[in-house]
$ cat entry_38.cif   # mmCIF, C-alpha atoms
data_my_file
#
loop_
_atom_site.label_atom_id
_atom_site.label_comp_id
_atom_site.auth_asym_id
_atom_site.auth_seq_id
_atom_site.Cartn_x
_atom_site.Cartn_y
_atom_site.Cartn_z
CA MET A 1 -1.98 -33.30 -48.18
CA SER A 2 0.52 -30.53 -48.41
CA THR A 3 3.79 -30.54 -46.55
CA LYS A 4 4.75 -26.98 -47.47
CA THR A 5 4.39 -25.69 -43.91
CA LEU A 6 6.93 -28.17 -42.57
CA ALA A 7 10.57 -27.14 -42.51
CA ALA A 8 12.73 -28.65 -45.18
CA ALA A 9 15.06 -31.35 -43.94
CA ASP A 10 18.19 -29.40 -44.78
CA GLU A 11 16.96 -26.15 -43.21
CA GLU A 12 18.47 -25.17 -39.89
CA LEU A 13 16.19 -25.73 -36.90
CA ARG A 14 15.27 -22.55 -35.00
CA PHE A 15 13.82 -22.15 -31.53
CA TYR A 16 12.26 -19.06 -30.02
CA ASP A 17 14.45 -19.13 -26.92
CA LEU A 18 17.77 -18.85 -28.71
CA ASP A 19 19.80 -17.84 -25.65
CA GLU A 20 19.44 -20.42 -22.93
CA HIS A 21 20.09 -18.71 -19.60
CA ALA A 22 19.98 -19.66 -15.95
CA HIS A 23 16.94 -19.08 -13.75
CA PRO A 24 18.36 -18.65 -10.27
CA GLU A 25 16.09 -19.63 -7.39
CA GLY A 26 13.77 -16.79 -6.47
CA HIS A 27 14.50 -14.72 -9.54
CA SER A 28 10.79 -14.03 -10.04
CA THR A 29 9.84 -13.62 -6.36
CA MET A 30 10.04 -9.84 -6.35
CA LEU A 31 7.81 -9.45 -9.41
CA GLY A 32 5.40 -12.07 -8.12
CA PHE A 33 5.15 -10.30 -4.78
CA TRP A 34 4.60 -6.99 -6.55
CA ILE A 35 1.69 -8.53 -8.46
CA TYR A 36 0.27 -9.83 -5.16
CA LEU A 37 0.48 -6.26 -3.83
CA MET A 38 -1.37 -5.02 -6.90
CA SER A 39 -4.17 -7.52 -6.21
CA ASP A 40 -4.23 -6.32 -2.61
CA CYS A 41 -4.47 -2.82 -4.00
CA LEU A 42 -7.66 -3.88 -5.81
CA ILE A 43 -9.16 -5.11 -2.51
CA PHE A 44 -8.55 -1.68 -1.03
CA ALA A 45 -9.88 -0.01 -4.19
CA ILE A 46 -13.20 -1.83 -3.73
CA LEU A 47 -13.33 -0.93 -0.03
CA PHE A 48 -12.58 2.71 -0.88
CA ALA A 49 -15.34 2.61 -3.51
CA CYS A 50 -17.76 1.23 -0.87
CA TYR A 51 -16.74 3.97 1.52
CA ALA A 52 -17.13 6.64 -1.15
CA VAL A 53 -20.64 5.41 -1.97
CA LEU A 54 -21.85 4.71 1.59
CA GLY A 55 -19.81 7.30 3.49
CA GLY A 56 -22.66 9.81 3.51
CA ASN A 57 -25.37 7.45 4.79
CA TYR A 58 -25.41 8.24 8.51
CA ALA A 59 -28.92 6.81 9.20
CA ALA A 60 -29.50 9.74 11.57
CA GLY A 61 -26.41 8.57 13.47
CA PRO A 62 -23.08 10.26 14.12
CA ALA A 63 -21.17 11.87 11.22
CA PRO A 64 -17.35 11.94 10.84
CA LYS A 65 -17.23 15.39 12.47
CA ASP A 66 -18.80 13.99 15.64
CA LEU A 67 -16.45 11.02 15.83
CA PHE A 68 -12.94 11.69 14.54
CA GLU A 69 -10.18 13.37 16.50
CA LEU A 70 -7.58 14.69 14.08
CA PRO A 71 -4.70 15.01 16.59
CA LEU A 72 -5.03 11.27 17.27
CA VAL A 73 -5.07 10.51 13.54
CA ALA A 74 -2.03 12.74 13.02
CA LEU A 75 -0.18 10.82 15.74
CA ASN A 76 -1.19 7.55 14.10
CA THR A 77 0.02 8.75 10.70
CA ALA A 78 3.32 9.82 12.23
CA MET A 79 3.81 6.34 13.74
CA LEU A 80 3.31 4.63 10.38
CA LEU A 81 5.49 7.14 8.52
CA ILE A 82 8.34 6.73 11.03
CA SER A 83 8.02 2.95 10.79
CA SER A 84 8.46 3.30 7.03
CA ILE A 85 11.82 5.03 7.32
CA THR A 86 13.01 2.68 10.07
CA PHE A 87 12.30 -0.21 7.67
CA GLY A 88 14.40 1.70 5.15
CA PHE A 89 17.26 1.71 7.67
CA ALA A 90 16.85 -2.07 8.09
CA VAL A 91 17.21 -2.52 4.33
CA LEU A 92 20.33 -0.32 4.31
CA GLN A 93 21.85 -2.40 7.15
CA MET A 94 21.05 -5.55 5.19
CA GLN A 95 22.78 -4.17 2.09
CA GLN A 96 25.89 -3.65 4.22
CA GLY A 97 25.62 -7.26 5.41
CA LYS A 98 24.95 -6.42 9.06
CA VAL A 99 22.60 -9.03 10.58
CA ARG A 100 22.37 -7.46 14.02
CA GLY A 101 21.67 -3.98 12.65
CA THR A 102 18.96 -5.34 10.34
CA GLN A 103 17.28 -7.12 13.26
CA ILE A 104 17.43 -4.04 15.48
CA TRP A 105 15.82 -1.80 12.86
CA LEU A 106 13.20 -4.45 12.10
CA ALA A 107 12.40 -4.54 15.83
CA VAL A 108 12.10 -0.73 15.90
CA THR A 109 9.77 -0.93 12.89
CA ALA A 110 7.64 -3.54 14.66
CA LEU A 111 7.42 -1.27 17.73
CA PHE A 112 6.17 1.69 15.69
CA GLY A 113 3.75 -0.63 13.87
CA ALA A 114 2.46 -1.88 17.22
CA ALA A 115 2.07 1.73 18.41
CA PHE A 116 0.01 2.46 15.29
CA LEU A 117 -2.20 -0.55 15.99
CA ALA A 118 -2.59 0.36 19.65
CA ILE A 119 -3.75 3.88 18.76
CA GLU A 120 -6.16 2.51 16.15
CA LEU A 121 -7.62 -0.05 18.57
CA TYR A 122 -7.96 2.69 21.20
CA GLU A 123 -9.93 4.74 18.65
CA PHE A 124 -12.13 1.77 17.72
CA ARG A 125 -12.78 0.98 21.39
CA HIS A 126 -13.76 4.60 22.00
CA LEU A 127 -16.12 4.59 18.98
CA ILE A 128 -17.79 1.35 20.01
CA HIS A 129 -18.05 2.62 23.60
CA ILE A 130 -20.04 5.70 22.52
CA GLY A 131 -22.35 3.57 20.37
CA ALA A 132 -20.75 4.19 16.96
CA THR A 133 -20.55 0.48 16.16
CA PRO A 134 -20.36 -1.02 12.65
CA GLN A 135 -24.08 -1.86 12.93
CA ARG A 136 -25.06 1.78 13.53
CA SER A 137 -25.04 3.07 9.93
CA ALA A 138 -23.76 2.26 6.44
CA PHE A 139 -21.09 4.94 6.92
CA LEU A 140 -19.78 3.21 10.05
CA SER A 141 -19.91 -0.26 8.42
CA ALA A 142 -17.82 1.01 5.51
CA PHE A 143 -15.48 2.87 7.87
CA PHE A 144 -14.78 -0.13 10.10
CA THR A 145 -14.33 -2.45 7.11
CA LEU A 146 -11.87 -0.17 5.31
CA VAL A 147 -9.81 0.93 8.32
CA GLY A 148 -10.10 -2.51 9.93
CA THR A 149 -8.77 -4.26 6.81
CA HIS A 150 -5.79 -1.92 6.78
CA GLY A 151 -5.24 -2.59 10.48
CA LEU A 152 -5.40 -6.34 9.83
CA HIS A 153 -2.71 -5.96 7.17
CA VAL A 154 -0.51 -4.10 9.64
CA THR A 155 -1.10 -6.89 12.19
CA PHE A 156 0.08 -9.53 9.72
CA GLY A 157 2.98 -7.28 8.77
CA ILE A 158 4.09 -7.30 12.42
CA VAL A 159 3.72 -11.10 12.59
CA TRP A 160 5.92 -11.32 9.48
CA LEU A 161 8.45 -8.88 10.99
CA ILE A 162 8.84 -11.07 14.07
CA THR A 163 9.09 -14.23 11.93
CA LEU A 164 11.77 -12.59 9.83
CA MET A 165 13.79 -11.57 12.89
CA VAL A 166 13.75 -15.20 14.03
CA GLN A 167 14.76 -16.40 10.55
CA LEU A 168 17.62 -13.89 10.45
CA ASN A 169 18.74 -15.14 13.85
CA LYS A 170 18.75 -18.73 12.64
CA HIS A 171 20.20 -18.47 9.12
CA GLY A 172 21.77 -15.02 8.90
CA LEU A 173 21.73 -12.95 5.72
CA ILE A 174 21.37 -15.76 3.19
CA ALA A 175 19.91 -14.99 -0.25
CA ALA A 176 16.45 -16.25 0.75
CA ASN A 177 16.36 -14.01 3.82
CA LYS A 178 17.47 -10.98 1.80
CA ARG A 179 14.63 -11.67 -0.57
CA ARG A 180 12.20 -11.90 2.35
CA VAL A 181 13.41 -8.58 3.77
CA MET A 182 12.86 -6.92 0.39
CA CYS A 183 9.37 -8.43 0.02
CA LEU A 184 8.33 -7.34 3.50
CA SER A 185 9.81 -3.92 2.74
CA MET A 186 7.50 -3.66 -0.27
CA PHE A 187 4.53 -4.86 1.82
CA TRP A 188 5.23 -2.38 4.61
CA HIS A 189 5.73 0.64 2.33
CA PHE A 190 2.61 -0.40 0.40
CA LEU A 191 0.57 -0.30 3.63
CA ASP A 192 1.84 3.22 4.19
CA VAL A 193 0.66 4.15 0.68
CA VAL A 194 -2.82 2.76 1.49
CA TRP A 195 -2.82 4.76 4.75
CA ILE A 196 -2.26 7.97 2.74
CA GLY A 197 -5.56 7.23 1.02
CA VAL A 198 -7.26 6.39 4.33
CA PHE A 199 -6.26 9.50 6.23
CA THR A 200 -6.97 11.76 3.26
CA ILE A 201 -10.33 10.36 2.16
CA VAL A 202 -11.76 9.03 5.43
CA TYR A 203 -10.45 11.39 8.08
CA LEU A 204 -9.51 14.69 6.40
CA MET A 205 -12.31 14.71 3.82
CA GLY A 206 -14.71 13.50 6.52
CA MET A 207 -13.95 16.54 8.65
CA LEU A 208 -14.66 18.83 5.69
CA GLN A 209 -18.24 17.59 5.16
CA MET B 1 19.96 -0.20 -9.97
CA SER B 2 19.09 -2.94 -12.42
CA ARG B 3 21.13 -5.68 -13.96
CA GLU B 4 23.02 -4.54 -17.06
CA SER B 5 21.67 -7.02 -19.59
CA THR B 6 21.34 -10.72 -20.22
CA PRO B 7 25.10 -11.48 -20.50
CA GLY B 8 25.36 -10.68 -16.78
CA HIS B 9 23.57 -13.96 -16.08
CA ALA B 10 26.59 -16.04 -16.90
CA ASP B 11 28.88 -14.04 -14.59
CA HIS B 12 26.61 -14.13 -11.54
CA PRO B 13 24.39 -17.19 -11.83
CA HIS B 14 23.08 -16.83 -8.26
CA GLU B 15 22.49 -13.08 -8.22
CA ILE B 16 18.86 -12.04 -8.40
CA GLU B 17 17.71 -8.57 -9.25
CA MET B 18 17.00 -6.47 -6.19
CA PRO B 19 16.42 -2.76 -6.05
CA HIS B 20 19.34 -0.91 -4.55
CA ALA B 21 18.33 1.49 -1.80
CA SER B 22 20.33 4.45 -0.58
CA LEU B 23 20.19 6.49 2.62
CA ARG B 24 19.78 9.63 0.53
CA ASP B 25 16.63 8.22 -1.15
CA TYR B 26 15.04 7.31 2.17
CA LEU B 27 15.82 10.66 3.78
CA ILE B 28 14.50 12.66 0.82
CA GLY B 29 11.38 10.49 0.70
CA PHE B 30 10.81 10.85 4.43
CA ALA B 31 11.27 14.64 4.40
CA LEU B 32 8.88 15.03 1.45
CA SER B 33 6.32 12.72 3.11
CA VAL B 34 6.41 14.69 6.36
CA VAL B 35 5.79 17.95 4.50
CA LEU B 36 3.08 16.42 2.29
CA THR B 37 1.34 14.96 5.37
CA ALA B 38 1.69 17.95 7.68
CA ILE B 39 0.25 20.54 5.28
CA PRO B 40 -3.09 18.73 4.68
CA PHE B 41 -3.54 18.13 8.43
CA TRP B 42 -2.75 21.78 9.14
CA LEU B 43 -5.17 22.93 6.41
CA VAL B 44 -8.04 20.84 7.80
CA MET B 45 -7.32 21.61 11.47
CA THR B 46 -7.12 25.39 11.07
CA MET B 47 -9.31 25.83 7.94
CA PRO B 48 -7.72 28.95 6.43
CA LEU B 49 -9.42 28.19 3.08
CA SER B 50 -12.92 27.21 1.96
CA ALA B 51 -13.95 23.56 2.24
CA GLY B 52 -13.90 23.03 -1.54
CA ALA B 53 -10.42 24.47 -2.03
CA THR B 54 -9.10 22.51 0.96
CA ALA B 55 -10.55 19.26 -0.43
CA ALA B 56 -8.90 19.83 -3.82
CA ILE B 57 -5.55 20.68 -2.23
CA ILE B 58 -5.46 17.68 0.15
CA MET B 59 -6.37 15.30 -2.71
CA GLY B 60 -3.50 16.77 -4.73
CA PHE B 61 -1.10 16.35 -1.78
CA ALA B 62 -2.22 12.73 -1.33
CA MET B 63 -1.50 11.94 -5.00
CA ALA B 64 1.91 13.62 -4.71
CA GLN B 65 2.73 11.66 -1.55
CA ILE B 66 1.75 8.36 -3.15
CA VAL B 67 4.17 9.10 -6.01
CA VAL B 68 6.90 10.04 -3.49
CA HIS B 69 6.41 6.72 -1.66
CA MET B 70 6.46 4.77 -4.93
CA VAL B 71 9.71 6.37 -6.07
CA PHE B 72 11.71 6.75 -2.85
CA PHE B 73 10.43 3.88 -0.67
CA LEU B 74 9.21 1.25 -3.15
CA HIS B 75 12.05 2.07 -5.61
CA MET B 76 9.73 2.02 -8.60
CA THR B 77 11.47 2.79 -11.85
CA PRO B 78 10.17 2.23 -15.38
CA LYS B 79 12.96 -0.32 -15.84
CA ALA B 80 12.37 -2.42 -12.68
CA GLU B 81 11.81 -6.11 -13.54
CA GLY B 82 12.13 -5.33 -17.24
CA GLY B 83 9.15 -2.97 -17.12
CA TRP B 84 6.68 -5.55 -15.79
CA SER B 85 6.30 -3.82 -12.42
CA LEU B 86 5.26 -0.62 -14.14
CA ILE B 87 2.89 -2.40 -16.53
CA SER B 88 1.13 -4.20 -13.67
CA LEU B 89 0.96 -0.91 -11.76
CA VAL B 90 -0.59 0.90 -14.72
CA PHE B 91 -3.07 -1.95 -15.18
CA THR B 92 -4.01 -1.74 -11.49
CA ILE B 93 -4.47 2.02 -11.67
CA ILE B 94 -6.78 1.62 -14.69
CA VAL B 95 -8.92 -1.03 -12.92
CA LEU B 96 -8.88 1.11 -9.76
CA GLY B 97 -10.07 4.14 -11.71
CA ILE B 98 -12.87 2.16 -13.38
CA ALA B 99 -14.00 0.66 -10.05
CA LEU B 100 -13.96 3.98 -8.17
CA ALA B 101 -15.38 6.25 -10.86
CA GLY B 102 -17.90 3.62 -12.00
CA SER B 103 -19.21 2.94 -8.49
CA LEU B 104 -19.62 6.63 -7.73
CA TRP B 105 -21.24 7.34 -11.08
CA VAL B 106 -23.72 4.45 -10.99
CA MET B 107 -24.65 4.96 -7.35
CA HIS B 108 -25.07 8.71 -7.82
CA HIS B 109 -27.53 8.10 -10.64
CA LEU B 110 -29.37 5.50 -8.58
CA ASN B 111 -29.66 7.96 -5.72
CA THR B 112 -30.92 10.84 -7.84
CA ASN B 113 -33.34 8.76 -9.93
CA MET B 114 -34.82 6.84 -7.04
CA MET B 115 -38.47 7.49 -6.24
CA PRO B 116 -38.86 9.28 -2.92
CA MET B 117 -39.80 6.77 -0.28
CA PRO B 118 -40.80 7.01 3.36
CA HIS B 119 -38.30 5.67 5.88
CA ASP B 120 -40.87 3.23 7.17
CA MET B 121 -41.77 0.80 4.40
CA ASN B 122 -44.99 -0.24 6.17
CA GLN B 123 -46.50 3.15 5.35
CA LEU B 124 -46.45 2.36 1.64
CA PRO B 125 -50.00 1.89 0.27
#

$ encode --input "entry_38.cif" --output "structure tokens"
Amino acid sequence: MSTKTLAAADEELRFYDLDEHAHPEGHSTMLGFWIYLMSDCLIFAILFACYAVLGGNYAAGPAPKDLFELPLVALNTAMLLISSITFGFAVLQMQQGKVRGTQIWLAVTALFGAAFLAIELYEFRHLIHIGATPQRSAFLSAFFTLVGTHGLHVTFGIVWLITLMVQLNKHGLIAANKRRVMCLSMFWHFLDVVWIGVFTIVYLMGMLQ
Amino acid sequence: MSRESTPGHADHPHEIEMPHASLRDYLIGFALSVVLTAIPFWLVMTMPLSAGATAAIIMGFAMAQIVVHMVFFLHMTPKAEGGWSLISLVFTIIVLGIALAGSLWVMHHLNTNMMPMPHDMNQLP
């Protein structure tokens, strides 16, 4: 048996991690959350792929042109875009260490998010009322799944916003809360990115067909 | 924006890396987003161009707006988290491209190569 691969006794021991450094609590949260968002992105990618494949199968039912009202969608888009910048203002207030200001801007963001949801639910209610239900055609199934999943994300975003406001009230701007604000900021802006895809591919492209 | 290098650890043991946002970034991002959203809506609502040209332009605007959001709102930089954010983003975009292009490609071929069939399956001999 050969012992050549073993280090000689007088040789200095070497480890791969030569520089031992601290791992502060939460140092990997931001990257971990980013990777969660990427996996969420894949969910939406699959739903977009479904919509792209099934979006033309109307089953002799209504087509996008018969259903969508662009002014309403434009209003909806505006709500989400404004909520994005108001979240930005919350982050800026947090960076200046202002708890109250952060909470106020988070509340404003939640209001615009709720307005977005209200408009979307109004649209869904209208569609279902005129018989354009998810069961009507493959196009409508794909439409409700894609837009509904986005709406569900916004709903949970609002739940998180309210939770965060309570946490800020209780503990103030501690490191953990700052981290939470930044994670929710990423989540919220990410939802706005997904909405860009939704209004372009579903609504605008739908009106062109 | 990002921590200088590893020696910084010793000085601030409890500091974690967080992207630094500025009012200027948010305002620029918001202004660009408004323009990049308004033009596609205007193009589709008034239809000054052909459907094909409009479709190409609005897809281009959507791509541009996604980049604007990534840079100005999500503070993506190639150096964020030591490059791991960008690597995971690039990986996601590759998978996304395969899923989208592959689905459309396969389903298009299925549709075109399918034997014509009556809507009512009972009429088949």

$ closest_atom_pairs --input "entry_38.cif" --of "chain B" --to "chain A" --cutoff "8 Å" --atoms "all atoms listed in the file" --output "JSON lines"
{"residue": "B:His9", "atom": "CA", "partner": "A:Ala22", "partner_atom": "CA", "distance": 6.7}
{"residue": "B:Ala10", "atom": "CA", "partner": "A:His21", "partner_atom": "CA", "distance": 7.5}
{"residue": "B:Pro13", "atom": "CA", "partner": "A:Pro24", "partner_atom": "CA", "distance": 6.4}
{"residue": "B:His14", "atom": "CA", "partner": "A:Pro24", "partner_atom": "CA", "distance": 5.4}
{"residue": "B:Glu15", "atom": "CA", "partner": "A:Pro24", "partner_atom": "CA", "distance": 7.2}
{"residue": "B:Ile16", "atom": "CA", "partner": "A:His27", "partner_atom": "CA", "distance": 5.2}
{"residue": "B:Glu17", "atom": "CA", "partner": "A:His27", "partner_atom": "CA", "distance": 6.9}
{"residue": "B:Met18", "atom": "CA", "partner": "A:Met30", "partner_atom": "CA", "distance": 7.7}
{"residue": "B:Ala21", "atom": "CA", "partner": "A:Leu92", "partner_atom": "CA", "distance": 6.7}
{"residue": "B:Ser22", "atom": "CA", "partner": "A:Leu92", "partner_atom": "CA", "distance": 6.8}
{"residue": "B:Leu23", "atom": "CA", "partner": "A:Leu92", "partner_atom": "CA", "distance": 7.0}
{"residue": "B:Tyr26", "atom": "CA", "partner": "A:Gly88", "partner_atom": "CA", "distance": 6.4}
{"residue": "B:Leu27", "atom": "CA", "partner": "A:Ile85", "partner_atom": "CA", "distance": 7.8}
{"residue": "B:Phe30", "atom": "CA", "partner": "A:Ile85", "partner_atom": "CA", "distance": 6.6}
{"residue": "B:Ser33", "atom": "CA", "partner": "A:Leu81", "partner_atom": "CA", "distance": 7.8}
{"residue": "B:Val34", "atom": "CA", "partner": "A:Leu81", "partner_atom": "CA", "distance": 7.9}
{"residue": "B:Pro40", "atom": "CA", "partner": "A:Leu204", "partner_atom": "CA", "distance": 7.8}
{"residue": "B:Phe41", "atom": "CA", "partner": "A:Leu204", "partner_atom": "CA", "distance": 7.2}
{"residue": "B:Val44", "atom": "CA", "partner": "A:Leu204", "partner_atom": "CA", "distance": 6.5}
{"residue": "B:Met45", "atom": "CA", "partner": "A:Leu70", "partner_atom": "CA", "distance": 7.4}
{"residue": "B:Ala51", "atom": "CA", "partner": "A:Leu208", "partner_atom": "CA", "distance": 5.9}
{"residue": "B:Ala55", "atom": "CA", "partner": "A:Met205", "partner_atom": "CA", "distance": 6.5}
{"residue": "B:Ile58", "atom": "CA", "partner": "A:Thr200", "partner_atom": "CA", "distance": 6.9}
{"residue": "B:Met59", "atom": "CA", "partner": "A:Thr200", "partner_atom": "CA", "distance": 7.0}
{"residue": "B:Ala62", "atom": "CA", "partner": "A:Ile196", "partner_atom": "CA", "distance": 6.3}
{"residue": "B:Gln65", "atom": "CA", "partner": "A:Ile196", "partner_atom": "CA", "distance": 7.5}
{"residue": "B:Ile66", "atom": "CA", "partner": "A:Val193", "partner_atom": "CA", "distance": 5.8}
{"residue": "B:His69", "atom": "CA", "partner": "A:Val193", "partner_atom": "CA", "distance": 6.7}
{"residue": "B:Phe73", "atom": "CA", "partner": "A:His189", "partner_atom": "CA", "distance": 6.4}
{"residue": "B:Leu74", "atom": "CA", "partner": "A:Met186", "partner_atom": "CA", "distance": 5.9}
{"residue": "B:Glu81", "atom": "CA", "partner": "A:Leu31", "partner_atom": "CA", "distance": 6.6}
{"residue": "B:Trp84", "atom": "CA", "partner": "A:Leu31", "partner_atom": "CA", "distance": 7.6}
{"residue": "B:Ser85", "atom": "CA", "partner": "A:Leu31", "partner_atom": "CA", "distance": 6.6}
{"residue": "B:Ser88", "atom": "CA", "partner": "A:Ile35", "partner_atom": "CA", "distance": 6.8}
{"residue": "B:Leu89", "atom": "CA", "partner": "A:Met38", "partner_atom": "CA", "distance": 6.8}
{"residue": "B:Thr92", "atom": "CA", "partner": "A:Met38", "partner_atom": "CA", "distance": 6.2}
{"residue": "B:Val95", "atom": "CA", "partner": "A:Leu42", "partner_atom": "CA", "distance": 7.8}
{"residue": "B:Leu96", "atom": "CA", "partner": "A:Ala45", "partner_atom": "CA", "distance": 5.8}
{"residue": "B:Ala99", "atom": "CA", "partner": "A:Ile46", "partner_atom": "CA", "distance": 6.8}
{"residue": "B:Leu100", "atom": "CA", "partner": "A:Ala49", "partner_atom": "CA", "distance": 5.0}
{"residue": "B:Ser103", "atom": "CA", "partner": "A:Ala49", "partner_atom": "CA", "distance": 6.3}
{"residue": "B:Leu104", "atom": "CA", "partner": "A:Val53", "partner_atom": "CA", "distance": 6.0}
{"residue": "B:Met107", "atom": "CA", "partner": "A:Val53", "partner_atom": "CA", "distance": 6.7}

$ resolve_selection --input "entry_38.cif" --expression "the PyMOL selection byres ((chain B and resi 77) around 12)" --output "list of chain:residue names"
B:Met1, B:Ser2, B:Pro19, B:His20, B:Val67, B:Val68, B:Met70, B:Val71, B:Phe72, B:Phe73, B:Leu74, B:His75, B:Met76, B:Pro78, B:Lys79, B:Ala80, B:Glu81, B:Gly82, B:Gly83, B:Trp84, B:Ser85, B:Leu86, B:Ile87, B:Leu89

$ residues_around --input "entry_38.cif" --residues "stretch 165-168 of chain A" --least-positions-apart "5" --cutoff "10 Å" --atoms "all atoms listed in the file" --output "list in words"
Val99, Arg100, Thr102, Gln103, Ile104, Trp105, Leu106, Ala107, Trp160, Leu173, Ile174, Ala176, Asn177, Lys178, Arg180 and Val181 of chain A

$ atom_distance --input "entry_38.cif" --atom1 "atom CA of A:Leu164" --atom2 "atom CA of B:Asp25"
24.0 Å

$ atom_distance --input "entry_38.cif" --atom1 "atom CA of A:Phe33" --atom2 "atom CA of A:Val159"
17.4 Å

$ atom_distance --input "entry_38.cif" --atom1 "atom CA of A:Glu120" --atom2 "atom CA of A:Ser83"
15.2 Å

$ residues_around --input "entry_38.cif" --residues "stretch 61-65 of chain A" --least-positions-apart "2" --cutoff "9 Å" --atoms "all atoms listed in the file" --output "VMD selection string"
chain A and resid 56 to 59 67 to 69 132 136 to 137 139 to 140 202 to 203 206 to 209
